[in-house]
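Printed here is target-v3.cif (mmCIF, C-alpha atoms):
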```
data_work
loop_
_atom_site.label_atom_id
_atom_site.label_comp_id
_atom_site.auth_asym_id
_atom_site.auth_seq_id
_atom_site.Cartn_x
_atom_site.Cartn_y
_atom_site.Cartn_z
CA MET A 1 0.00 0.00 0.00
CA VAL A 2 2.70 2.40 1.14
CA GLY A 3 4.96 1.17 -1.58
CA GLY A 4 2.20 1.80 -4.11
CA LEU A 5 1.63 5.35 -2.87
CA LYS A 6 5.36 5.95 -2.86
CA GLY A 7 5.57 4.53 -6.32
CA ARG A 8 2.84 6.86 -7.57
CA LEU A 9 4.21 9.89 -5.70
CA SER A 10 7.77 9.39 -6.76
CA PRO A 11 7.43 10.33 -10.46
CA TRP A 12 5.10 13.21 -9.50
CA VAL A 13 7.64 14.57 -7.02
CA LYS A 14 10.57 13.89 -9.34
CA ALA A 15 8.90 15.83 -12.13
CA ARG A 16 8.52 18.84 -9.87
CA ALA A 17 11.51 18.58 -7.55
CA PHE A 18 13.74 20.79 -9.62
CA THR A 19 11.07 23.50 -9.91
CA TRP A 20 10.44 23.45 -6.17
CA PHE A 21 14.14 23.58 -5.48
CA TYR A 22 14.54 26.48 -7.88
CA ALA A 23 11.64 28.38 -6.35
CA ALA A 24 13.12 27.74 -2.90
CA LEU A 25 16.46 29.20 -4.02
CA LEU A 26 14.75 32.39 -5.13
CA PHE A 27 13.01 32.75 -1.77
CA GLY A 28 16.30 33.87 -0.16
CA PRO A 29 15.33 37.30 1.24
CA THR A 30 12.73 35.60 3.43
CA TYR A 31 15.35 33.16 4.76
CA ALA A 32 17.56 36.13 5.60
CA LEU A 33 14.77 37.72 7.62
CA LEU A 34 14.00 34.42 9.35
CA SER A 35 17.67 33.97 10.29
CA PHE A 36 17.60 37.47 11.77
CA TRP A 37 14.41 36.71 13.71
CA PHE A 38 15.24 33.16 14.83
CA THR A 39 18.56 34.30 16.29
CA ARG A 40 16.93 37.34 17.90
CA GLY A 41 19.21 39.63 15.92
CA SER A 42 22.43 37.70 16.62
CA ILE A 43 22.75 37.23 12.88
CA ASN A 44 22.79 40.74 11.47
CA LEU A 45 20.27 41.12 8.66
CA GLY A 46 23.07 42.16 6.30
CA THR A 47 24.93 38.96 7.10
CA GLY A 48 21.67 37.08 6.58
CA TYR A 49 21.44 38.59 3.11
CA LEU A 50 24.96 37.50 2.25
CA LEU A 51 24.36 33.96 3.46
CA PHE A 52 20.79 33.33 2.46
CA VAL A 53 20.30 35.56 -0.59
CA LEU A 54 23.62 35.93 -2.34
CA VAL A 55 24.62 32.26 -2.12
CA PRO A 56 21.23 30.84 -3.30
CA MET A 57 21.06 33.47 -6.05
CA ILE A 58 24.50 32.44 -7.35
CA VAL A 59 23.34 28.82 -7.36
CA ALA A 60 20.10 29.83 -9.11
CA VAL A 61 21.90 31.84 -11.80
CA ALA A 62 24.33 28.99 -12.43
CA LEU A 63 21.54 26.43 -12.55
CA ALA A 64 19.54 28.54 -15.00
CA GLY A 65 22.40 28.20 -17.44
CA PHE A 66 23.37 24.60 -16.80
CA VAL A 67 20.01 22.91 -16.53
CA GLY A 68 19.28 20.59 -19.41
CA ASN A 69 15.98 19.84 -21.12
CA LYS A 70 14.55 23.26 -20.31
CA ASN A 71 11.33 22.64 -22.17
CA ARG A 72 10.52 19.66 -19.98
CA LEU A 73 11.13 21.71 -16.86
CA GLY A 74 8.88 24.45 -18.16
CA PHE A 75 11.20 27.42 -18.02
CA ASP A 76 14.44 28.73 -19.37
CA PRO A 77 16.59 31.77 -18.59
CA ARG A 78 14.58 33.97 -20.96
CA LEU A 79 11.38 32.95 -19.23
CA LEU A 80 13.02 33.64 -15.89
CA ALA A 81 13.81 37.15 -17.09
CA SER A 82 10.13 37.72 -17.83
CA PHE A 83 9.26 36.43 -14.33
CA ALA A 84 11.68 38.97 -12.92
CA VAL A 85 9.78 41.75 -14.68
CA PHE A 86 6.34 40.38 -13.78
CA ALA A 87 7.41 40.21 -10.15
CA LEU A 88 7.91 43.97 -10.01
CA LEU A 89 4.17 44.57 -9.98
CA PRO A 90 2.61 42.38 -7.23
CA TYR A 91 4.56 43.76 -4.27
CA THR A 92 3.87 47.29 -5.51
CA ILE A 93 0.15 46.56 -5.50
CA TYR A 94 0.61 44.99 -2.08
CA ASP A 95 2.07 48.27 -0.82
CA TRP A 96 -0.57 50.36 -2.59
CA ALA A 97 -3.18 48.40 -0.62
CA ARG A 98 -1.48 49.47 2.60
CA VAL A 99 -1.43 53.19 1.76
CA PRO A 100 -5.12 53.85 2.66
CA MET A 101 -4.64 51.83 5.85
CA ASN A 102 -2.01 54.33 6.86
CA TYR A 103 -3.95 57.35 5.67
CA PHE A 104 -7.23 56.44 7.35
CA PHE A 105 -6.18 54.25 10.28
CA GLY A 106 -2.60 55.30 10.93
CA VAL A 107 -1.04 51.88 10.32
CA ALA A 108 2.54 52.86 9.45
CA PHE A 109 3.35 50.01 7.09
CA TRP A 110 6.98 51.06 6.78
CA ASP A 111 7.85 51.08 10.49
CA HIS A 112 9.87 47.85 10.25
CA TRP A 113 11.87 49.21 7.35
CA PHE A 114 13.61 51.50 9.85
CA ASP A 115 14.53 48.52 12.07
CA TRP A 116 15.84 46.42 9.19
CA GLY A 117 17.70 49.28 7.55
CA SER A 118 19.27 50.41 10.80
CA ASN A 119 20.34 46.85 11.59
CA ILE A 120 22.07 46.46 8.24
CA SER A 121 23.53 49.93 7.79
CA GLY A 122 24.24 50.87 11.38
CA ALA A 123 22.59 54.22 10.70
CA PRO A 124 20.36 55.72 13.41
CA LEU A 125 16.92 54.13 13.60
CA PHE A 126 14.91 57.10 12.39
CA ALA A 127 17.06 58.20 9.48
CA LEU A 128 16.34 58.18 5.76
CA GLN A 129 19.34 55.87 5.25
CA SER A 130 17.68 53.27 7.48
CA LEU A 131 14.37 53.72 5.70
CA SER A 132 16.03 53.30 2.30
CA VAL A 133 17.98 50.17 3.20
CA GLY A 134 14.93 48.72 4.93
CA LEU A 135 12.84 49.49 1.86
CA PHE A 136 15.34 47.54 -0.23
CA THR A 137 14.96 44.49 2.00
CA HIS A 138 11.18 44.79 1.84
CA VAL A 139 11.13 45.12 -1.94
CA SER A 140 13.60 42.28 -2.40
CA ARG A 141 11.41 40.02 -0.28
CA GLY A 142 8.23 40.89 -2.17
CA TRP A 143 9.95 40.55 -5.51
CA SER A 144 11.54 37.20 -4.64
CA MET A 145 8.24 35.80 -3.37
CA ALA A 146 6.57 36.75 -6.64
CA VAL A 147 9.40 35.26 -8.74
CA SER A 148 9.18 32.06 -6.70
CA TYR A 149 5.45 31.92 -7.38
CA TYR A 150 5.94 32.34 -11.14
CA VAL A 151 8.58 29.61 -11.09
CA LEU A 152 6.24 27.32 -9.18
CA VAL A 153 3.38 27.87 -11.64
CA ARG A 154 5.80 28.11 -14.57
CA GLY A 155 4.45 31.52 -15.52
CA ARG A 156 0.86 30.33 -15.80
CA ALA A 157 -0.66 32.47 -13.06
CA THR A 158 -4.27 31.79 -12.17
CA LEU A 159 -6.45 33.41 -9.55
CA PRO A 160 -6.82 30.21 -7.46
CA THR A 161 -3.07 29.53 -7.30
CA ALA A 162 -2.34 33.22 -6.68
CA PHE A 163 -4.80 33.32 -3.79
CA VAL A 164 -3.47 30.08 -2.31
CA PHE A 165 0.03 31.54 -2.44
CA ALA A 166 -1.16 34.83 -0.91
CA TRP A 167 -3.08 33.04 1.84
CA ALA A 168 0.07 31.08 2.69
CA MET A 169 1.98 34.37 2.87
CA THR A 170 -0.75 35.89 5.05
CA ILE A 171 -0.64 33.00 7.51
CA PHE A 172 3.14 33.18 7.54
CA TYR A 173 2.89 36.92 8.24
CA TRP A 174 0.22 36.45 10.94
CA ILE A 175 2.37 33.87 12.75
CA PHE A 176 5.87 35.23 12.42
CA PHE A 177 5.44 38.95 12.96
CA PRO A 178 3.61 38.68 16.31
CA THR A 179 6.06 35.97 17.39
CA PHE A 180 9.32 37.64 16.47
CA VAL A 181 8.60 41.34 16.12
CA LEU A 182 8.16 42.90 19.51
CA VAL A 183 5.98 45.84 18.46
CA ASP A 184 3.62 43.44 16.68
CA SER A 185 3.25 41.20 19.72
CA LYS A 186 -0.31 42.23 20.42
CA PRO A 187 -1.55 43.79 17.22
CA PRO A 188 -4.99 45.39 16.97
CA PHE A 189 -7.64 44.07 14.56
CA ILE A 190 -6.72 46.58 11.86
CA TRP A 191 -3.20 45.08 11.75
CA TRP A 192 -4.58 41.58 10.98
CA PHE A 193 -6.95 43.05 8.42
CA THR A 194 -4.22 45.10 6.72
CA ALA A 195 -1.95 42.05 6.53
CA TRP A 196 -4.74 40.02 4.95
CA SER A 197 -6.06 42.63 2.53
CA SER A 198 -2.62 43.63 1.25
CA HIS A 199 -1.70 40.02 0.57
CA MET A 200 -4.94 39.56 -1.32
CA ALA A 201 -3.93 42.59 -3.39
CA PHE A 202 -0.59 40.85 -3.90
CA ALA A 203 -2.49 37.85 -5.28
CA LEU A 204 -4.31 40.08 -7.76
CA GLY A 205 -0.94 41.50 -8.78
CA LEU A 206 0.47 37.99 -9.25
CA TRP A 207 -2.42 37.13 -11.50
CA TYR A 208 -2.55 40.39 -13.44
CA ALA A 209 1.16 41.03 -14.11
CA PRO A 210 1.64 38.24 -16.70
CA ARG A 211 -1.52 39.39 -18.46
CA LEU A 212 -0.19 42.93 -18.61
CA PHE A 213 3.35 42.10 -19.62
CA SER A 214 3.25 38.84 -21.55
CA ARG A 215 2.43 40.55 -24.84
CA TYR A 216 5.79 42.32 -24.58
CA PHE A 217 7.73 39.13 -23.92
CA SER A 218 8.21 36.17 -26.12
CA MET A 219 7.12 33.44 -23.70
CA ARG A 220 8.19 30.54 -25.83
CA MET B 1 0.69 39.35 -31.10
CA ALA B 2 4.19 40.72 -30.54
CA TYR B 3 4.50 44.36 -29.60
CA PRO B 4 7.60 46.42 -30.45
CA ARG B 5 10.23 46.75 -27.75
CA SER B 6 9.86 50.54 -27.76
CA LYS B 7 6.25 50.10 -26.67
CA ALA B 8 7.36 47.78 -23.88
CA VAL B 9 9.72 50.46 -22.62
CA LEU B 10 6.92 53.04 -22.81
CA VAL B 11 4.61 50.81 -20.81
CA PHE B 12 7.33 50.23 -18.25
CA LEU B 13 7.91 53.97 -17.95
CA ALA B 14 4.19 54.63 -17.68
CA LEU B 15 4.13 52.16 -14.80
CA LEU B 16 6.91 53.95 -12.93
CA PRO B 17 4.50 56.07 -10.86
CA VAL B 18 2.66 52.87 -9.97
CA TYR B 19 5.91 51.23 -8.91
CA LEU B 20 7.22 54.18 -6.99
CA GLY B 21 3.95 55.56 -5.60
CA PRO B 22 3.76 53.71 -2.27
CA TYR B 23 7.40 54.39 -1.54
CA MET B 24 7.12 58.09 -2.38
CA TYR B 25 4.17 58.09 -0.02
CA ALA B 26 6.20 56.37 2.70
CA TYR B 27 9.09 58.83 2.31
CA GLY B 28 6.69 61.79 2.24
CA ARG B 29 4.80 60.66 5.34
CA THR B 30 8.07 59.92 7.07
CA GLN B 31 9.26 63.48 6.53
CA SER B 32 5.93 65.17 7.15
CA ASN B 33 4.54 63.01 9.92
CA VAL B 34 6.77 60.29 11.35
CA PHE B 35 9.93 62.29 12.04
CA PRO B 36 8.13 65.33 13.54
CA THR B 37 5.93 63.05 15.67
CA VAL B 38 8.91 61.03 16.87
CA GLU B 39 10.82 64.22 17.70
CA THR B 40 7.86 65.66 19.61
CA LEU B 41 7.30 62.45 21.56
CA ASP B 42 11.00 62.16 22.33
CA GLY B 43 11.07 65.74 23.58
CA GLN B 44 8.01 65.15 25.78
CA ALA B 45 9.54 61.96 27.13
CA MET B 46 12.73 63.80 28.03
CA ASP B 47 10.76 66.55 29.75
CA ASP B 48 8.75 63.98 31.68
CA VAL B 49 11.79 62.35 33.23
CA LYS B 50 12.07 63.32 36.88
CA THR B 51 14.98 62.97 39.22
CA GLY B 52 15.26 63.31 42.94
CA VAL B 53 17.46 62.70 45.92
CA ASP B 54 16.48 60.90 49.08
CA ASN B 55 16.14 63.17 52.11
CA SER B 56 18.40 61.06 54.28
CA VAL B 57 22.15 60.60 54.15
CA THR B 58 23.27 57.65 56.21
CA GLU B 59 26.65 57.23 57.81
CA ILE B 60 27.87 53.73 57.13
CA VAL B 61 31.47 53.69 58.29
CA ALA B 62 34.05 55.95 59.88
CA GLN B 63 37.58 54.84 59.19
CA SER B 64 40.66 55.98 61.00
CA VAL B 65 43.47 57.15 58.71
CA THR B 66 47.03 57.74 59.79
CA ARG B 67 49.57 59.51 57.63
CA THR B 68 53.00 60.91 58.33
CA VAL B 69 53.16 64.66 57.89
CA ASN B 70 56.54 66.36 58.45
CA GLY B 71 57.82 63.24 60.14
CA GLN B 72 54.94 63.20 62.61
CA PRO B 73 52.09 60.70 62.49
CA VAL B 74 48.76 62.46 62.01
CA THR B 75 45.50 60.60 62.58
CA TRP B 76 42.03 61.56 61.53
CA THR B 77 38.86 59.80 60.42
CA GLU B 78 37.12 59.64 57.08
CA VAL B 79 33.41 59.02 57.02
CA THR B 80 31.53 57.25 54.26
CA TYR B 81 27.83 57.88 53.73
CA THR B 82 25.19 56.51 51.41
CA LEU B 83 22.73 58.73 49.60
CA PRO B 84 20.08 57.25 47.29
CA PHE B 85 19.03 59.25 44.24
CA ARG B 86 16.49 58.34 41.61
CA VAL B 87 15.63 58.67 37.94
CA LEU B 88 11.90 58.35 37.37
CA ASN B 89 9.32 58.06 34.62
CA ARG B 90 11.35 56.72 31.72
CA ILE B 91 8.50 54.87 29.99
CA PHE B 92 7.04 56.73 27.05
CA LYS B 93 4.85 55.95 24.05
CA THR B 94 6.43 55.79 20.61
CA TYR B 95 4.82 57.04 17.40
CA ILE B 96 3.22 53.64 16.85
CA ASN B 97 1.76 53.88 20.37
CA PHE B 98 4.05 51.19 21.72
CA PRO B 99 5.73 51.65 25.11
CA ALA B 100 9.46 52.17 25.20
CA LEU B 101 12.11 53.10 27.72
CA LEU B 102 13.98 56.35 27.36
CA SER B 103 17.68 55.63 27.15
CA VAL B 104 19.68 57.17 30.01
CA SER B 105 23.46 57.12 29.81
CA LYS B 106 26.46 58.98 31.21
CA LEU B 107 24.52 59.53 34.40
CA THR B 108 26.51 61.65 36.82
CA PHE B 109 25.41 62.52 40.33
CA GLN B 110 27.25 65.10 42.39
CA ALA B 111 26.28 66.53 45.74
CA THR B 112 27.71 68.56 48.57
CA GLY B 113 26.48 68.48 52.15
CA VAL B 114 26.92 71.59 54.29
CA PHE B 115 26.56 71.80 58.07
CA ASN B 116 26.87 75.15 59.82
CA GLY B 117 28.60 76.64 56.77
CA THR B 118 31.16 73.82 56.56
CA GLU B 119 31.25 71.24 53.78
CA ILE B 120 31.03 67.92 55.57
CA LEU B 121 30.49 65.53 52.69
CA SER B 122 30.69 65.31 48.93
CA CYS B 123 29.28 62.73 46.56
CA HIS B 124 30.22 61.71 43.06
CA HIS B 125 28.62 58.77 41.34
CA TYR B 126 28.74 57.76 37.69
CA VAL B 127 26.57 55.22 35.87
CA ASP B 128 27.43 54.41 32.27
CA SER B 129 23.87 53.52 31.32
CA LEU B 130 20.64 52.44 32.92
CA ILE B 131 18.92 49.18 32.08
CA ALA B 132 17.42 49.10 28.58
CA PRO B 133 15.76 46.41 26.46
CA THR B 134 17.35 45.28 23.21
CA GLY B 135 14.06 45.13 21.34
CA PHE B 136 14.49 41.42 20.62
CA GLU B 137 12.88 40.21 23.83
CA VAL B 138 9.54 38.48 23.95
CA LEU B 139 6.74 40.75 25.13
CA ALA B 140 6.66 39.44 28.72
CA VAL B 141 10.41 39.95 29.21
CA PHE B 142 10.26 43.32 27.48
CA GLY B 143 7.41 44.35 29.79
CA SER B 144 9.33 43.34 32.89
CA ILE B 145 12.41 45.27 31.73
CA LEU B 146 10.23 48.31 31.11
CA LYS B 147 8.68 48.02 34.54
CA ALA B 148 12.05 47.53 36.20
CA GLY B 149 13.63 50.42 34.32
CA ASN B 150 10.85 52.97 34.63
CA ASN B 151 11.96 54.13 38.07
CA THR B 152 15.55 53.54 39.12
CA VAL B 153 17.01 54.17 42.55
CA ILE B 154 20.79 54.30 42.74
CA THR B 155 22.79 54.48 45.94
CA ALA B 156 25.65 56.92 45.76
CA PHE B 157 28.56 56.85 48.18
CA CYS B 158 29.62 60.11 49.75
CA HIS B 159 32.73 60.88 51.70
CA GLY B 160 33.63 63.49 54.25
CA PRO B 161 35.98 64.23 57.08
CA GLY B 162 35.41 62.76 60.50
CA SER B 163 36.93 63.83 63.78
CA PRO B 164 38.66 66.02 64.60
CA THR B 165 37.30 68.21 61.75
CA PHE B 166 33.77 66.90 62.01
CA ASP B 167 33.14 64.78 65.05
CA THR B 168 30.20 62.62 64.02
CA ALA B 169 30.19 60.64 67.27
CA LYS B 170 29.85 63.77 69.38
CA LEU B 171 27.19 65.25 67.12
CA SER B 172 25.28 61.99 67.20
CA GLN B 173 25.25 62.00 70.97
CA GLN B 174 24.05 65.61 71.08
CA ASN B 175 21.34 65.20 68.43
CA LEU B 176 20.17 61.64 69.01
CA GLY B 177 21.75 60.46 65.77
CA VAL B 178 20.05 62.89 63.39
CA VAL B 179 21.51 66.17 62.19
CA THR B 180 19.96 68.47 59.63
CA ILE B 181 22.27 69.58 56.87
CA SER B 182 21.86 71.39 53.57
CA LEU B 183 22.42 69.40 50.40
CA LEU B 184 23.20 70.83 46.98
CA TRP B 185 22.98 68.27 44.25
CA THR B 186 23.29 67.99 40.48
CA ILE B 187 22.35 65.14 38.15
CA ASP B 188 23.55 65.12 34.54
CA ALA B 189 22.57 62.55 31.96
CA THR B 190 22.39 61.92 28.25
CA LEU B 191 18.84 61.03 27.27
CA LYS B 192 17.87 59.38 24.03
CA GLY B 193 14.45 58.63 22.71
CA GLU B 194 13.85 56.98 19.37
CA LYS B 195 15.47 59.77 17.41
CA VAL B 196 16.39 62.73 19.58
CA GLU B 197 19.37 62.68 21.89
CA GLY B 198 20.26 65.40 24.35
CA THR B 199 21.77 66.12 27.72
CA ARG B 200 19.73 67.17 30.70
CA GLN B 201 20.75 68.58 34.03
CA TRP B 202 18.70 68.66 37.21
CA THR B 203 19.80 70.55 40.29
CA GLY B 204 18.38 70.99 43.74
CA VAL B 205 19.01 72.35 47.20
CA GLN B 206 17.27 70.62 50.06
CA SER B 207 17.36 70.02 53.78
CA GLU B 208 18.73 66.61 54.49
CA ASN B 209 18.67 64.37 57.53
CA LEU B 210 22.16 63.19 58.25
CA LEU B 211 21.68 59.85 60.00
CA LEU B 212 24.72 59.31 62.15
CA THR B 213 25.71 56.16 63.95
CA PHE B 214 23.98 56.30 67.29
CA PRO B 215 24.85 53.82 69.99
#
```
Take the structure I supplied and represent it as structure tokens, if you would.
Amino acid sequence: MVGGLKGRLSPWVKARAFTWFYAALLFGPTYALLSFWFTRGSINLGTGYLLFVLVPMIVAVALAGFVGNKNRLGFDPRLLASFAVFALLPYTIYDWARVPMNYFFGVAFWDHWFDWGSNISGAPLFALQSLSVGLFTHVSRGWSMAVSYYVLVRGRATLPTAFVFAWAMTIFYWIFFPTFVLVDSKPPFIWWFTAWSSHMAFALGLWYAPRLFSRYFSMR
Amino acid sequence: MAYPRSKAVLVFLALLPVYLGPYMYAYGRTQSNVFPTVETLDGQAMDDVKTGVDNSVTEIVAQSVTRTVNGQPVTWTEVTYTLPFRVLNRIFKTYINFPALLSVSKLTFQATGVFNGTEILSCHHYVDSLIAPTGFEVLAVFGSILKAGNNTVITAFCHGPGSPTFDTAKLSQQNLGVVTISLLWTIDATLKGEKVEGTRQWTGVQSENLLLTFP
């Protein structure tokens, strides 16, 4: 019975293992943040980026060139380039969704950017340098999540898969921020709502970006 | 249908405001709202910090000291006192309405005790920094650090001459162990909120009970 299930699962997993691995490599900025959180700041976020972003990215770039039978895997370097452009839109829409939450309810969605930027740069907490570096980490995380999604779905974004991905991100956000970010330890309702609604906007961005851009890219 | 590359570039450029919009908003709100609010709250927090000195100086030990002056042994006593002082009300609310502890460093306490026009003791105490959370604690630990650090009492050691210049034993006998003196004190510290850093000085003159050893 188990052997039969394993036998059926094995080709299914094998066919997708490389794609999952590749998507996992591109998820690096999130690993960097997790390493910073899990060690309670003992691993500087900048160090986390070197270890968990730069190294996986080098592996990903090398793999993109070396991988054989690209058609079977469903993507090639040119397709990856289009994913990189698609991925610019979803996190922007995610942040647009948070703008009214700040304007009407005062939820400062960029408050952690100061913490992250200050931790990496050593600049004072409330300085534009900290904000800028923190913004970079935020953008890199959003972009990498979107690229990973496009790799997972091989560029064929659909609303159901986009929403599943965004729900997973929301749950991740709901668990990890209150656990590891002190100021989010006891967030008010509007915080939970903002986290959810902005990730749903991210899902719409994931779905819409290929439709907007694909006519400008040769997908095959 | 394949579109020309020039059109792709145009579309990308047209999308620039969409890409940059939320971040321009964040920078704009930071300059117009976050920084001024943080600076105001920091300033208020610094103004709200109170300091004070206990109204009792307690003699803890009188030590006999002998030195040779011009070939002759000279003996006198040196008295050590304790004087608690305090830094209060360090908790403040940040711009996201989260409690924080105002950073207090380079804390210097100096005081002079005067009895009948004579300086009988002087105090100097330095603390590099008061307890502060790192920001990586869990909420319960953070809360306990905040509570512990909100009001701090520090015991300073003061020193002064004993007999024959100032005979504490005799005075204690005459006054049942308590003598009223005048105390002039100064506390200096560097305070830092989330953004603003500055030095503050508090001074005071007060009547002080000098608690002498009474048999």
message = Within 10 Å of chain A, which residues belong to chain B? Use all atoms listed in the file and report them as a PyMOL selection string.
response = chain B and resi 1-9+11-12+15+18-23+25-27+29-31+34-35+38-39+95-100+134-140+142+194-196
task = Output the residue selection produced by the PyMOL selection byres ((chain B and resi 43) around 12) on the file above, formatted as a ChimeraX atom specification.
result = /B:36-42,44-49,92-94,102,191-200
Going by the chain IDs and residue numbers used in this file, which residues fall under the PyMOL selection byres ((chain B and resi 65-74) around 12)? Write them as a PDB file with C-alpha atoms, in the coordinates of the input.
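The new file result.pdb reads:
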```pdb
ATOM      1  CA  ALA B  62      34.050  55.950  59.880  1.00  0.00           C
ATOM      2  CA  GLN B  63      37.580  54.840  59.190  1.00  0.00           C
ATOM      3  CA  SER B  64      40.660  55.980  61.000  1.00  0.00           C
ATOM      4  CA  THR B  75      45.500  60.600  62.580  1.00  0.00           C
ATOM      5  CA  TRP B  76      42.030  61.560  61.530  1.00  0.00           C
ATOM      6  CA  THR B  77      38.860  59.800  60.420  1.00  0.00           C
ATOM      7  CA  GLU B  78      37.120  59.640  57.080  1.00  0.00           C
ATOM      8  CA  VAL B  79      33.410  59.020  57.020  1.00  0.00           C
ATOM      9  CA  PRO B 161      35.980  64.230  57.080  1.00  0.00           C
ATOM     10  CA  GLY B 162      35.410  62.760  60.500  1.00  0.00           C
ATOM     11  CA  SER B 163      36.930  63.830  63.780  1.00  0.00           C
ATOM     12  CA  PRO B 164      38.660  66.020  64.600  1.00  0.00           C
TER      13      PRO B 164
END
```
remark   = Computed gap from CA of Asn55 in chain B to CA of Ala189 in chain B is 21.2 Å
Here's the selection I'm unsure about, the PyMOL selection byres ((chain B and resi 113) around 7); applied to the file above, which residues does it give, as a CSV table (one decimal) with C-alpha atoms, in the frame of the given file?
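Final output, saved to out.csv:
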```
chain,number,residue,atom,x,y,z
B,111,ALA,CA,26.3,66.5,45.7
B,112,THR,CA,27.7,68.6,48.6
B,114,VAL,CA,26.9,71.6,54.3
B,115,PHE,CA,26.6,71.8,58.1
B,119,GLU,CA,31.2,71.2,53.8
B,120,ILE,CA,31.0,67.9,55.6
B,121,LEU,CA,30.5,65.5,52.7
B,122,SER,CA,30.7,65.3,48.9
B,181,ILE,CA,22.3,69.6,56.9
B,182,SER,CA,21.9,71.4,53.6
B,183,LEU,CA,22.4,69.4,50.4
B,184,LEU,CA,23.2,70.8,47.0
```
query = At what distance in Å, to one decimal, does CA of Gly28 in chain B lie from CA of Leu34 in chain A?
reply =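 Calculated distance between CA of Leu34 in chain A and CA of Gly28 in chain B is 29.2 Å.
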ask   = So how far away is CA of Tyr150 in chain A from CA of Phe83 in chain A, in Å?
value = 6.2 Å
message = Which residue is closest to Leu210 in chain B? Choose from B:Val61, B:Ile154, B:Leu83, B:Ala132 and count all atoms listed in the file.
response = B:Leu83
task = Go through B:Thr186, B:Asn89, B:Thr82, B:Thr168 one by one, measure the shortest atom-to-atom distance of each to Val104 in chain B using all atoms listed in the file, and give the residue with the smallest value.
result = B:Asn89
request  = Identify which of the residues B:Phe166, B:Tyr81, B:Trp185, B:Trp202 lies closest to Thr51 in chain B, counting only C-alpha atoms when measuring atom-to-atom distances.
outcome  =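 The shortest atom-to-atom distance to Thr51 in chain B comes from B:Trp202.
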Contacts of Ser197 in chain A at 10 Å or less, counting only C-alpha atoms, minus same-chain residues fewer than 4 places along, as a compact mmCIF listing (two decimals) with C-alpha atoms, in the frame of the given file?
```txt
# COMPACT_ATOMS: atom_id res chain seq x y z
CA TYR A 94 0.61 44.99 -2.08
CA ALA A 97 -3.18 48.40 -0.62
CA ARG A 98 -1.48 49.47 2.60
CA MET A 101 -4.64 51.83 5.85
CA ALA A 166 -1.16 34.83 -0.91
CA THR A 170 -0.75 35.89 5.05
CA TRP A 191 -3.20 45.08 11.75
CA TRP A 192 -4.58 41.58 10.98
CA PHE A 193 -6.95 43.05 8.42
CA ALA A 201 -3.93 42.59 -3.39
CA PHE A 202 -0.59 40.85 -3.90
CA ALA A 203 -2.49 37.85 -5.28
```
Using the file's own x, y and z axes, so that the box edges lie along x, y and z, what centre and edge lengths in Å (one decimal) does a box around every listed atom of range 4-10 of chain A get when 5 Å is added on each side? Give it as lines of an AutoDock Vina configuration file.
```
center_x = 4.7
center_y = 5.8
center_z = -5.2
size_x = 16.1
size_y = 18.1
size_z = 14.7
```
key: Best match for closeness to Phe36 in chain A among A:Leu79, A:Phe176, A:Pro160, A:Pro11, counting all atoms listed in the file   =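 Smallest distance to Phe36 in chain A is found for A:Phe176.
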key: Shell around range 60-68 of chain A at 7 Å using all atoms listed in the file, local window under 5 positions removed, as a PyMOL selection string   = chain A and resi 22+25+76-77
